[in-house]
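J.: Okay, handing you the structure first.
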Amino acid sequence: MKQYTFYRITLISLPEYTYIGYTTNFNNRKYKHKMNLKDETKINHPLYKTINDNGGWDNVSMNILEYGEYENLKDVYIRERELIDLHKSLMNGHLPSKIDINYSDNPKEYKQKWHQEFKETKPEKYKENMKKQNETRKEYKAEWHQQNRERISAKGKEKVICDICNKEYCRSSLWHHKQTHKNK
């Protein structure tokens, strides 16, 4: 049995616009949704297009609806569909009703196989998509570092005690210091 979290994304200014999803890691999924808003390969997805057209991530509320333990993805899809119908979700572009048996038996293997086939049959498009995703990731990281420069600097200047020699060092110097102790 595996633990799943079902969640709802709602536009604050348009509460009738909701999206229902599931994940095994809520914080990671929230981060991915936020990143997908800037990913050129995904910005035309109905969910991300609607969010971007209506104020971006600042206009979004992402809340946990429920937790549940399920043996297989088929049961997860069934529960997701029930929640979509219950909450009258308008932004779910794909409704989980017809389930590919091969996918629900072993999703990791199925995704790896699909990914490999896509890579082999459309190598140029694959490379282009990977390049766009990497650029988006780099831009986001650079933007984050720019916005958090002072906080990062303050954390690096923080004084910490080395657990090897019990001397005090700046946090930013501690890793290098520990590497020198390993080589002695």
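Residue names in the structure tokens use chain letters A, B, ... in the order shown, residue numbers from 1 in each chain, and ligand numbers from 1 in the order shown.
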Per residue of stretch 15-44 of chain A within 8 Å of stretch 48-60 of chain A, what are the shortest atom pair and its distance in Å to one decimal, counting only C-alpha atoms, with rows by chain and residue number, as CSV?

T.:
residue,atom,partner,partner_atom,distance
A:Lys34,CA,A:Trp57,CA,6.6
A:Asn36,CA,A:Tyr48,CA,7.1
A:Leu37,CA,A:Tyr48,CA,5.4
A:Lys42,CA,A:Tyr48,CA,7.3
A:Ile43,CA,A:Tyr48,CA,5.4
A:Asn44,CA,A:Lys49,CA,5.3

J.: Keeping only C-alpha atoms, write the selected residues to a file as a PDB file, in the first residue's frame.

T.:
ATOM      1  CA  LYS A  34       4.926  26.397  -9.902  1.00  0.00           C
ATOM      2  CA  ASN A  36       5.520  24.379 -14.988  1.00  0.00           C
ATOM      3  CA  LEU A  37       4.019  27.872 -15.158  1.00  0.00           C
ATOM      4  CA  LYS A  42       3.910  23.188 -20.614  1.00  0.00           C
ATOM      5  CA  ILE A  43       2.571  26.759 -20.565  1.00  0.00           C
ATOM      6  CA  ASN A  44      -0.167  25.910 -23.083  1.00  0.00           C
TER       7      ASN A  44
END

J.: Would you mind telling me which residue in A:Asn28, A:Glu150, A:Ile164, A:Lys2 lies nearest to A:Asn72 when using only C-alpha atoms?

T.: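 Among the listed residues, A:Lys2 lies closest to A:Asn72.
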
J.: Would you please give, as an MDAnalysis selection string, all residues of chain A that DSSP assigns to strand (DSSP E or B) based on the backbone?

T.: chainID A and resid 2:11 18:23 60:70 159:161 168:170

J.: Out of A:His145, A:Arg151, A:Cys165, A:Asn134, which residue has the shortest atom-to-atom distance to A:Thr41 when counting only C-alpha atoms?

T.: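 For A:Thr41, the nearest of the given residues is A:Asn134.
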
J.: Give the answer as one residue: which of A:Gln179, A:Thr5, A:Thr10, A:Asn92 has the shortest atom-to-atom distance to A:Arg29, using only C-alpha atoms?

T.: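 Of the candidates, the smallest distance to A:Arg29 is held by A:Thr5.
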
J.: Excluding stretch 123-132 of chain A and residues on its chain fewer than 4 positions from it, collect all residues at most 9 Å away from it, counting only C-alpha atoms, and give them as number ranges by chain.

T.: A: 39-41, 118-119, 136-137

J.: Those selected residues, please, written with N, CA and C atoms and delivered as a PDB file, in the first residue's frame.

T.:
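Output saved as part35.pdb:
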ATOM      1  N   ASP A  39       7.602  26.867 -17.733  1.00  0.00           N
ATOM      2  CA  ASP A  39       8.176  25.911 -18.673  1.00  0.00           C
ATOM      3  C   ASP A  39       7.490  26.053 -20.030  1.00  0.00           C
ATOM      4  N   GLU A  40       8.254  26.439 -21.046  1.00  0.00           N
ATOM      5  CA  GLU A  40       7.680  26.695 -22.366  1.00  0.00           C
ATOM      6  C   GLU A  40       7.031  25.466 -22.982  1.00  0.00           C
ATOM      7  N   THR A  41       7.435  24.278 -22.554  1.00  0.00           N
ATOM      8  CA  THR A  41       6.822  23.065 -23.109  1.00  0.00           C
ATOM      9  C   THR A  41       5.485  22.768 -22.435  1.00  0.00           C
ATOM     10  N   PHE A 118      10.040   7.702 -27.151  1.00  0.00           N
ATOM     11  CA  PHE A 118       9.976   9.089 -27.624  1.00  0.00           C
ATOM     12  C   PHE A 118      11.369   9.587 -27.996  1.00  0.00           C
ATOM     13  N   LYS A 119      12.330   9.243 -27.157  1.00  0.00           N
ATOM     14  CA  LYS A 119      13.722   9.652 -27.380  1.00  0.00           C
ATOM     15  C   LYS A 119      14.249   9.068 -28.695  1.00  0.00           C
ATOM     16  N   THR A 136      14.775  26.751 -18.481  1.00  0.00           N
ATOM     17  CA  THR A 136      13.770  27.236 -17.539  1.00  0.00           C
ATOM     18  C   THR A 136      14.232  27.027 -16.104  1.00  0.00           C
ATOM     19  N   ARG A 137      14.789  25.841 -15.833  1.00  0.00           N
ATOM     20  CA  ARG A 137      15.295  25.531 -14.498  1.00  0.00           C
ATOM     21  C   ARG A 137      16.412  26.490 -14.096  1.00  0.00           C
TER      22      ARG A 137
END
